[in-house]
$ cat final-v8.pdb   # PDB, C-alpha atoms and all ligand atoms
ATOM      1  CA  MET O 845     -17.920 277.868  97.611
ATOM      2  CA  GLU O 846     -18.334 280.799  95.283
ATOM      3  CA  THR O 847     -15.199 282.169  93.651
ATOM      4  CA  PRO O 848     -15.168 285.975  93.566
ATOM      5  CA  GLU O 849     -14.815 287.509  90.115
ATOM      6  CA  TYR O 850     -11.517 289.195  90.944
ATOM      7  CA  ILE O 851      -9.996 285.789  91.655
ATOM      8  CA  GLU O 852     -11.754 284.023  88.808
ATOM      9  CA  GLU O 853     -10.345 286.571  86.371
ATOM     10  CA  LEU O 854      -6.932 287.014  87.940
ATOM     11  CA  ARG O 855      -4.221 286.263  85.391
ATOM     12  CA  ILE O 856      -1.891 283.465  86.490
ATOM     13  CA  VAL O 857       1.242 284.354  84.548
ATOM     14  CA  GLY O 858       4.138 284.427  87.048
ATOM     15  CA  GLY O 859       5.507 281.071  85.926
ATOM     16  CA  ASN O 860       6.118 280.222  89.588
ATOM     17  CA  LEU O 861       3.739 279.627  92.480
ATOM     18  CA  ALA O 862       5.410 282.194  94.756
ATOM     19  CA  LEU O 863       5.294 284.886  92.061
ATOM     20  CA  ASP O 864       1.634 284.143  91.312
ATOM     21  CA  PHE O 865       1.000 284.578  95.018
ATOM     22  CA  VAL O 866       2.753 287.966  95.027
ATOM     23  CA  ASN O 867       0.659 288.962  91.996
ATOM     24  CA  THR O 868      -2.582 288.669  93.980
ATOM     25  CA  MET O 869      -2.191 292.405  94.558
ATOM     26  CA  ASP O 870      -3.368 293.454  91.146
ATOM     27  CA  GLY O 871      -2.967 296.481  88.930
ATOM     28  CA  ASP O 872      -2.607 300.207  89.246
ATOM     29  CA  PRO O 873      -4.326 301.512  91.346
ATOM     30  CA  PRO O 874      -3.804 298.365  93.406
ATOM     31  CA  LEU O 875      -6.673 295.892  93.620
ATOM     32  CA  GLU O 876      -6.460 293.553  96.603
ATOM     33  CA  CYS O 877      -7.485 290.035  95.614
ATOM     34  CA  LEU O 878      -6.954 288.471  99.045
ATOM     35  CA  ARG O 879      -9.530 290.372 101.060
ATOM     36  CA  GLY O 880     -10.207 287.644 103.570
ATOM     37  CA  TYR O 881      -9.542 284.002 104.361
ATOM     38  CA  ARG O 882     -12.120 282.759 101.847
ATOM     39  CA  ASP O 883     -10.283 284.606  99.073
ATOM     40  CA  LEU O 884      -7.074 282.893 100.096
ATOM     41  CA  VAL O 885      -8.831 279.527  99.810
ATOM     42  CA  ALA O 886     -10.422 280.465  96.463
ATOM     43  CA  TRP O 887      -7.029 281.504  95.077
ATOM     44  CA  SER O 888      -5.476 278.231  96.301
ATOM     45  CA  VAL O 889      -8.147 276.262  94.444
ATOM     46  CA  ARG O 890      -7.673 278.442  91.358
ATOM     47  CA  VAL O 891      -3.924 277.703  91.167
ATOM     48  CA  GLY O 892      -4.406 274.019  92.006
ATOM     49  CA  LEU O 893      -2.920 274.032  95.515
ATOM     50  CA  LEU O 894      -6.204 272.701  96.865
ATOM     51  CA  SER O 895      -8.880 270.560  95.298
ATOM     52  CA  ALA O 896     -12.389 272.003  95.101
ATOM     53  CA  ASP O 897     -13.430 269.704  97.954
ATOM     54  CA  GLU O 898     -10.514 270.733 100.142
ATOM     55  CA  GLY O 899     -11.327 274.358  99.415
ATOM     56  CA  GLU O 900     -14.944 273.821 100.342
ATOM     57  CA  ARG O 901     -13.977 272.218 103.610
ATOM     58  CA  LEU O 902     -11.466 274.933 104.577
ATOM     59  CA  ALA O 903     -13.868 277.719 103.645
ATOM     60  CA  SER O 904     -16.506 276.181 105.894
ATOM     61  CA  GLU O 905     -14.007 276.233 108.768
ATOM     62  CA  THR O 906     -14.212 280.031 108.678
ATOM     63  CA  GLU O 907     -17.416 279.839 110.707
ATOM     64  CA  ARG O 908     -16.163 277.237 113.139
ATOM     65  CA  ARG O 909     -12.723 278.811 113.715
ATOM     66  CA  PRO O 910     -12.971 282.472 112.725
ATOM     67  CA  GLU O 911      -9.891 283.503 114.690
ATOM     68  CA  ASP O 912      -7.706 280.840 113.111
ATOM     69  CA  ALA O 913      -8.977 281.836 109.675
ATOM     70  CA  GLU O 914      -8.184 285.480 110.337
ATOM     71  CA  ALA O 915      -4.722 284.566 111.621
ATOM     72  CA  ALA O 916      -4.041 282.515 108.482
ATOM     73  CA  HIS O 917      -5.149 285.430 106.313
ATOM     74  CA  ASN O 918      -2.868 287.820 108.210
ATOM     75  CA  ASP O 919       0.001 285.359 107.850
ATOM     76  CA  ALA O 920      -0.651 285.209 104.116
ATOM     77  CA  LEU O 921      -0.474 288.993 103.749
ATOM     78  CA  ARG O 922       2.697 289.136 105.822
ATOM     79  CA  LEU O 923       4.338 286.461 103.692
ATOM     80  CA  ARG O 924       3.227 288.180 100.501
ATOM     81  CA  GLY O 925       4.642 291.520 101.639
ATOM     82  CA  ALA O 926       8.000 289.933 102.419
ATOM     83  CA  LEU O 927       8.095 288.081  99.088
ATOM     84  CA  TYR O 928       7.212 291.195  97.126
ATOM     85  CA  GLY O 929      10.030 293.158  98.787
ATOM     86  CA  VAL O 930      12.576 290.419  98.158
ATOM     87  CA  PHE O 931      11.629 289.521  94.597
ATOM     88  CA  ARG O 932      11.100 293.063  93.411
ATOM     89  CA  ALA O 933      14.540 294.056  94.716
ATOM     90  CA  VAL O 934      16.148 291.045  93.020
ATOM     91  CA  ALA O 935      14.270 291.706  89.756
ATOM     92  CA  GLU O 936      15.562 295.280  89.757
ATOM     93  CA  GLY O 937      19.110 294.138  90.406
ATOM     94  CA  GLY O 938      19.256 295.427  93.972
ATOM     95  CA  ASP O 939      19.909 293.812  97.340
ATOM     96  CA  ALA O 940      17.074 291.782  98.827
ATOM     97  CA  PRO O 941      15.893 293.365 102.098
ATOM     98  CA  GLU O 942      17.270 291.470 105.097
ATOM     99  CA  ARG O 943      13.957 291.659 106.952
ATOM    100  CA  GLY O 944      12.062 290.102 104.079
ATOM    101  CA  LEU O 945      14.563 287.259 103.847
ATOM    102  CA  GLU O 946      14.298 286.696 107.588
ATOM    103  CA  THR O 947      10.495 286.584 107.370
ATOM    104  CA  LEU O 948      10.681 284.070 104.531
ATOM    105  CA  ARG O 949      13.166 281.956 106.488
ATOM    106  CA  GLY O 950      10.644 281.787 109.363
ATOM    107  CA  TYR O 951       7.876 280.593 107.020
ATOM    108  CA  GLU O 952      10.173 278.068 105.355
ATOM    109  CA  LEU O 953      11.157 276.615 108.739
ATOM    110  CA  GLU O 954       7.496 276.316 109.615
ATOM    111  CA  ALA O 955       6.773 274.773 106.205
ATOM    112  CA  LEU O 956       9.418 272.086 106.504
ATOM    113  CA  SER O 957       8.446 271.269 110.081
ATOM    114  CA  ARG O 958       4.829 270.691 109.003
ATOM    115  CA  GLY O 959       5.527 268.961 105.688
ATOM    116  CA  ARG O 960       6.228 265.363 104.854
ATOM    117  CA  LEU O 961       8.258 263.823 102.060
ATOM    118  CA  ALA O 962       6.050 261.847  99.722
ATOM    119  CA  LEU O 963       6.731 259.996  96.506
ATOM    120  CA  GLY O 964       5.198 261.669  93.463
ATOM    121  CA  ASP O 965       5.553 261.285  89.693
ATOM    122  CA  ASP O 966       9.010 262.901  89.636
ATOM    123  CA  GLY O 967      10.506 261.387  92.764
ATOM    124  CA  PHE O 968      10.032 262.617  96.294
ATOM    125  CA  ASP O 969       8.683 266.021  97.119
ATOM    126  CA  TRP O 970       7.290 267.963 100.042
ATOM    127  CA  GLU O 971       3.612 267.581 100.778
ATOM    128  CA  TRP O 972       1.328 269.333 103.229
ATOM    129  CA  THR O 973      -1.720 267.341 104.252
ATOM    130  CA  ASP O 974      -2.641 268.522 107.769
ATOM    131  CA  GLU O 975      -6.427 268.879 107.538
ATOM    132  CA  GLU O 976      -6.649 270.975 110.684
ATOM    133  CA  ASP O 977      -4.144 273.554 109.462
ATOM    134  CA  LEU O 978      -5.954 276.555 107.994
ATOM    135  CA  ALA O 979      -2.661 278.029 106.755
ATOM    136  CA  THR O 980      -1.819 274.882 104.794
ATOM    137  CA  MET O 981      -1.591 276.728 101.450
ATOM    138  CA  LEU O 982       1.150 279.035 102.710
ATOM    139  CA  TRP O 983       3.738 276.288 103.091
ATOM    140  CA  PRO O 984       4.058 275.309  99.421
ATOM    141  CA  VAL O 985       4.160 279.020  98.579
ATOM    142  CA  ALA O 986       6.965 279.726 101.059
ATOM    143  CA  HIS O 987       8.824 276.653  99.863
ATOM    144  CA  ALA O 988       8.479 277.635  96.192
ATOM    145  CA  ALA O 989       9.854 281.090  97.063
ATOM    146  CA  THR O 990      12.847 279.610  98.876
ATOM    147  CA  GLU O 991      13.528 277.217  96.020
ATOM    148  CA  LEU O 992      13.364 280.036  93.501
ATOM    149  CA  LEU O 993      15.846 282.070  95.531
ATOM    150  CA  THR O 994      18.254 279.216  96.156
ATOM    151  CA  SER O 995      18.145 277.182  92.980
ATOM    152  CA  GLY O 996      16.104 279.144  90.450
ATOM    153  CA  ASP O 997      17.381 281.198  87.564
ATOM    154  CA  LEU O 998      17.177 284.591  89.184
ATOM    155  CA  ASP O 999      18.309 286.279  85.984
ATOM    156  CA  ARG O1000      14.946 285.200  84.580
ATOM    157  CA  LEU O1001      13.063 287.085  87.295
ATOM    158  CA  LYS O1002      11.468 290.209  85.837
ATOM    159  CA  LEU O1003       9.217 293.061  86.837
ATOM    160  CA  CYS O1004       6.566 293.762  84.192
ATOM    161  CA  ALA O1005       7.202 297.083  82.464
ATOM    162  CA  GLY O1006       3.445 297.669  82.332
ATOM    163  CA  CYS O1007       1.808 296.528  85.549
ATOM    164  CA  TYR O1008       4.733 295.793  87.935
ATOM    165  CA  TRP O1009       3.801 292.152  88.312
ATOM    166  CA  LEU O1010       6.626 289.705  88.816
ATOM    167  CA  PHE O1011       7.209 286.857  86.383
ATOM    168  CA  LEU O1012       9.827 284.388  85.202
ATOM    169  CA  ASP O1013      11.007 285.077  81.685
ATOM    170  CA  ALA O1014      11.192 281.758  79.853
ATOM    171  CA  SER O1015      12.248 283.278  76.515
ATOM    172  CA  ARG O1016      15.636 282.109  75.236
ATOM    173  CA  ASN O1017      17.307 285.521  75.069
ATOM    174  CA  ARG O1018      15.662 286.840  78.255
ATOM    175  CA  SER O1019      14.024 289.620  76.290
ATOM    176  CA  ARG O1020      10.478 289.514  77.622
ATOM    177  CA  ARG O1021       9.379 292.807  79.171
ATOM    178  CA  TRP O1022       5.731 292.168  79.949
ATOM    179  CA  CYS O1023       3.879 289.709  82.121
ATOM    180  CA  THR O1024       1.540 289.068  79.183
ATOM    181  CA  MET O1025       1.904 290.454  75.693
ATOM    182  CA  GLU O1026      -1.881 290.595  75.178
ATOM    183  CA  VAL O1027      -2.447 292.767  78.242
ATOM    184  CA  CYS O1028       0.601 294.865  79.092
ATOM    185  CA  GLY O1029       2.475 294.500  75.797
ATOM    186  CA  THR O1030      -0.488 295.750  73.817
ATOM    187  CA  ASP O1031      -1.003 298.662  76.223
ATOM    188  CA  GLU O1032       2.626 299.626  75.753
ATOM    189  CA  LYS O1033       2.388 299.426  71.949
ATOM    190  CA  MET O1034      -0.729 301.588  72.075
ATOM    191  CA  ARG O1035       1.044 304.184  74.243
ATOM    192  CA  ARG O1036       3.971 304.322  71.816
ATOM    193  CA  TYR O1037       1.641 304.613  68.839
ATOM    194  CA  VAL O1038      -0.276 307.482  70.440
ATOM    195  CA  ALA O1039       2.961 309.233  71.443
ATOM    196  CA  LYS O1040       4.375 308.861  67.923
ATOM    197  CA  ARG O1041       1.219 310.276  66.340
ATOM    198  CA  ALA O1042       1.226 313.184  68.770
ATOM    199  CA  ALA O1043       4.869 313.900  67.978
ATOM    200  CA  ARG O1044       4.189 313.803  64.250
ATOM    201  CA  ARG O1045       1.304 316.215  64.605
ATOM    202  CA  HIS O1046       3.499 318.674  66.542
ATOM    203  CA  SER O1047       6.340 318.511  64.058
ATOM    204  CA  GLY O1048       4.044 318.682  61.026
TER     205      GLY O1048
HETATM  206 ZN    ZN O1101       2.061 293.331  83.193
END

$ encode --input "final-v8.pdb" --output "structure tokens"
Amino acid sequence: METPEYIEELRIVGGNLALDFVNTMDGDPPLECLRGYRDLVAWSVRVGLLSADEGERLASETERRPEDAEAAHNDALRLRGALYGVFRAVAEGGDAPERGLETLRGYELEALSRGRLALGDDGFDWEWTDEEDLATMLWPVAHAATELLTSGDLDRLKLCAGCYWLFLDASRNRSRRWCTMEVCGTDEKMRRYVAKRAARRHSG
């Protein structure tokens, strides 16, 4: 399966699976990275939700079950829209939209009903292994979102001051403003530098 460039080069900087999923709508103007079911599979492989072999197998299902693949893609976009609304509101200190929470609750119910508890390296955790389920990657995403809302440090949830991506701020004093210093932080510094020079020229 070929990975499209926009997924290959997508920065994975959210610090949480659900936030990385939200950040698949990239940049300003917005660049859609999940343009079809195959993109959803490619992204899942990129973030390690699926192995390359699993990705290959699911991508090949697109031909055999095109309607199921399209439904899974639509479900992904619906989940992403709900998560963006909820997490952006929380990051900005507002109230999470009730509809978004209700949508997430529906996905989480579905996730838990399809998952199984399996023993991993750090004790038991949820696992999704249904090979027939084309939406299998959505369940860990929905579950990560629910866990972040219920047990995560929501005061660490931030909206990037440069590109409006969502990320978890792991810095000790919660002072991070950008998703990545190299990309958005540098842009911001450049803007300030240009503005300062312009101001100096006007005053001098
Ligand atoms: Zn950014």

$ resolve_selection --input "final-v8.pdb" --expression "the PyMOL selection byres (((not hetatm)) within 7 of (chain O and resi 1101))" --output "mmCIF file with C-alpha atoms, keeping the file's coordinate frame"
data_model
loop_
_atom_site.group_PDB
_atom_site.id
_atom_site.type_symbol
_atom_site.label_atom_id
_atom_site.label_comp_id
_atom_site.auth_asym_id
_atom_site.auth_seq_id
_atom_site.Cartn_x
_atom_site.Cartn_y
_atom_site.Cartn_z
ATOM 1 C CA CYS O 1004 6.566 293.762 84.192
ATOM 2 C CA ALA O 1005 7.202 297.083 82.464
ATOM 3 C CA GLY O 1006 3.445 297.669 82.332
ATOM 4 C CA CYS O 1007 1.808 296.528 85.549
ATOM 5 C CA TYR O 1008 4.733 295.793 87.935
ATOM 6 C CA TRP O 1009 3.801 292.152 88.312
ATOM 7 C CA TRP O 1022 5.731 292.168 79.949
ATOM 8 C CA CYS O 1023 3.879 289.709 82.121
ATOM 9 C CA THR O 1024 1.540 289.068 79.183
ATOM 10 C CA VAL O 1027 -2.447 292.767 78.242
ATOM 11 C CA CYS O 1028 0.601 294.865 79.092
#

$ residues_near_point --input "final-v8.pdb" --point "(-4.5, 266.6, 105.4)" --cutoff "12 Å" --atoms "only C-alpha atoms" --output "ChimeraX atom specification"
/O:894-895,898-899,901-902,958-960,971-981

$ atom_distance --input "final-v8.pdb" --atom1 "atom CA of O:Leu1001" --atom2 "atom CA of O:Tyr881"
28.5 Å

$ atom_distance --input "final-v8.pdb" --atom1 "atom CA of O:Phe931" --atom2 "atom CA of O:Trp887"
20.3 Å

$ residues_around --input "final-v8.pdb" --residues "O:Val934" --least-positions-apart "3" --cutoff "9 Å" --atoms "all atoms listed in the file" --output "PyMOL selection string"
chain O and resi 929-931+937-940+998-999+1001-1002

$ resolve_selection --input "final-v8.pdb" --expression "the PyMOL selection byres (((chain O and resi 854-868) around 9) and not hetatm)" --output "PyMOL selection string"
chain O and resi 849-853+869-871+875-878+887+891+923-925+927-928+931+984-990+992+1008-1014+1023-1024

$ atom_distance --input "final-v8.pdb" --atom1 "atom CA of O:Leu993" --atom2 "atom CA of O:Ala933"
12.1 Å

$ closest_residue --input "final-v8.pdb" --among "O:Arg1020, O:Glu991, O:Ser888, O:Ala916" --to "O:Glu952" --atoms "all atoms listed in the file"
O:Glu991

$ axis_aligned_box --input "final-v8.pdb" --around "stretch 992-1010 of chain O" --padding-each-side "6 Å" --output "JSON"
{"center_x": 10.1, "center_y": 287.4, "center_z": 89.2, "size_x": 28.5, "size_y": 32.5, "size_z": 25.8}

$ closest_residue --input "final-v8.pdb" --among "O:Thr847, O:Leu1003, O:Ala896, O:Arg1036" --to "O:Arg932" --atoms "all atoms listed in the file"
O:Leu1003

$ decode --input "final-v8.pdb" --residues "stretch 902-943 of chain O" --atoms "N, CA and C atoms" --output "compact mmCIF listing (two decimals), in the first residue's frame"
# COMPACT_ATOMS: atom_id res chain seq x y z
N LEU O 902 -6.53 -4.39 5.10
CA LEU O 902 -7.72 -3.53 5.17
C LEU O 902 -7.86 -2.70 3.90
N ALA O 903 -6.74 -2.18 3.41
CA ALA O 903 -6.79 -1.36 2.20
C ALA O 903 -7.33 -2.19 1.03
N SER O 904 -6.95 -3.46 0.99
CA SER O 904 -7.41 -4.30 -0.12
C SER O 904 -8.90 -4.63 -0.01
N GLU O 905 -9.45 -4.48 1.20
CA GLU O 905 -10.89 -4.69 1.39
C GLU O 905 -11.71 -3.61 0.69
N THR O 906 -11.07 -2.47 0.41
CA THR O 906 -11.79 -1.36 -0.22
C THR O 906 -12.46 -1.81 -1.51
N GLU O 907 -11.80 -2.71 -2.24
CA GLU O 907 -12.38 -3.18 -3.50
C GLU O 907 -13.52 -4.17 -3.25
N ARG O 908 -13.30 -5.03 -2.26
CA ARG O 908 -14.27 -6.08 -1.99
C ARG O 908 -15.53 -5.51 -1.30
N ARG O 909 -15.34 -4.53 -0.42
CA ARG O 909 -16.47 -3.98 0.34
C ARG O 909 -16.45 -2.45 0.30
N PRO O 910 -16.65 -1.89 -0.90
CA PRO O 910 -16.52 -0.44 -1.03
C PRO O 910 -17.49 0.34 -0.14
N GLU O 911 -18.69 -0.19 0.04
CA GLU O 911 -19.67 0.55 0.85
C GLU O 911 -19.28 0.57 2.33
N ASP O 912 -18.76 -0.55 2.80
CA ASP O 912 -18.32 -0.60 4.19
C ASP O 912 -17.14 0.35 4.41
N ALA O 913 -16.24 0.38 3.41
CA ALA O 913 -15.08 1.26 3.52
C ALA O 913 -15.52 2.72 3.56
N GLU O 914 -16.48 3.06 2.71
CA GLU O 914 -16.97 4.43 2.68
C GLU O 914 -17.67 4.79 4.00
N ALA O 915 -18.42 3.84 4.52
CA ALA O 915 -19.11 4.07 5.80
C ALA O 915 -18.10 4.29 6.93
N ALA O 916 -17.02 3.50 6.91
CA ALA O 916 -15.99 3.66 7.96
C ALA O 916 -15.31 5.02 7.83
N HIS O 917 -15.08 5.45 6.60
CA HIS O 917 -14.47 6.76 6.39
C HIS O 917 -15.40 7.88 6.88
N ASN O 918 -16.68 7.76 6.57
CA ASN O 918 -17.65 8.76 7.05
C ASN O 918 -17.72 8.78 8.57
N ASP O 919 -17.68 7.59 9.17
CA ASP O 919 -17.69 7.50 10.63
C ASP O 919 -16.46 8.19 11.22
N ALA O 920 -15.33 8.02 10.54
CA ALA O 920 -14.09 8.63 11.02
C ALA O 920 -14.21 10.16 11.01
N LEU O 921 -14.76 10.70 9.93
CA LEU O 921 -14.88 12.16 9.83
C LEU O 921 -15.87 12.70 10.86
N ARG O 922 -16.91 11.93 11.11
CA ARG O 922 -17.91 12.34 12.10
C ARG O 922 -17.29 12.35 13.50
N LEU O 923 -16.54 11.31 13.80
CA LEU O 923 -15.87 11.25 15.10
C LEU O 923 -14.87 12.40 15.23
N ARG O 924 -14.11 12.64 14.17
CA ARG O 924 -13.10 13.70 14.23
C ARG O 924 -13.74 15.07 14.46
N GLY O 925 -14.86 15.32 13.77
CA GLY O 925 -15.56 16.59 13.94
C GLY O 925 -16.02 16.78 15.39
N ALA O 926 -16.55 15.72 15.96
CA ALA O 926 -17.03 15.80 17.35
C ALA O 926 -15.85 16.05 18.30
N LEU O 927 -14.75 15.33 18.08
CA LEU O 927 -13.58 15.47 18.96
C LEU O 927 -12.99 16.87 18.85
N TYR O 928 -12.94 17.40 17.63
CA TYR O 928 -12.38 18.74 17.46
C TYR O 928 -13.21 19.76 18.25
N GLY O 929 -14.54 19.66 18.12
CA GLY O 929 -15.43 20.59 18.82
C GLY O 929 -15.24 20.52 20.33
N VAL O 930 -15.16 19.31 20.84
CA VAL O 930 -15.03 19.11 22.29
C VAL O 930 -13.67 19.60 22.79
N PHE O 931 -12.60 19.12 22.14
CA PHE O 931 -11.27 19.43 22.66
C PHE O 931 -10.88 20.89 22.44
N ARG O 932 -11.33 21.47 21.33
CA ARG O 932 -11.01 22.87 21.13
C ARG O 932 -11.69 23.72 22.20
N ALA O 933 -12.96 23.42 22.48
CA ALA O 933 -13.69 24.18 23.50
C ALA O 933 -13.00 24.05 24.86
N VAL O 934 -12.59 22.83 25.21
CA VAL O 934 -11.93 22.61 26.49
C VAL O 934 -10.59 23.36 26.53
N ALA O 935 -9.83 23.28 25.42
CA ALA O 935 -8.53 23.94 25.36
C ALA O 935 -8.67 25.46 25.54
N GLU O 936 -9.78 26.00 25.06
CA GLU O 936 -9.99 27.45 25.16
C GLU O 936 -10.72 27.84 26.44
N GLY O 937 -10.93 26.86 27.30
CA GLY O 937 -11.54 27.15 28.60
C GLY O 937 -13.05 27.28 28.57
N GLY O 938 -13.66 26.84 27.47
CA GLY O 938 -15.12 26.95 27.37
C GLY O 938 -15.81 25.64 27.72
N ASP O 939 -17.12 25.62 27.49
CA ASP O 939 -17.90 24.40 27.74
C ASP O 939 -17.85 23.50 26.51
N ALA O 940 -17.63 22.21 26.74
CA ALA O 940 -17.63 21.27 25.62
C ALA O 940 -19.05 21.15 25.07
N PRO O 941 -19.22 21.18 23.74
CA PRO O 941 -20.56 21.08 23.17
C PRO O 941 -21.21 19.73 23.48
N GLU O 942 -22.45 19.81 23.96
CA GLU O 942 -23.20 18.63 24.38
C GLU O 942 -23.30 17.60 23.25
N ARG O 943 -23.53 18.10 22.04
CA ARG O 943 -23.70 17.18 20.90
C ARG O 943 -22.44 16.39 20.62
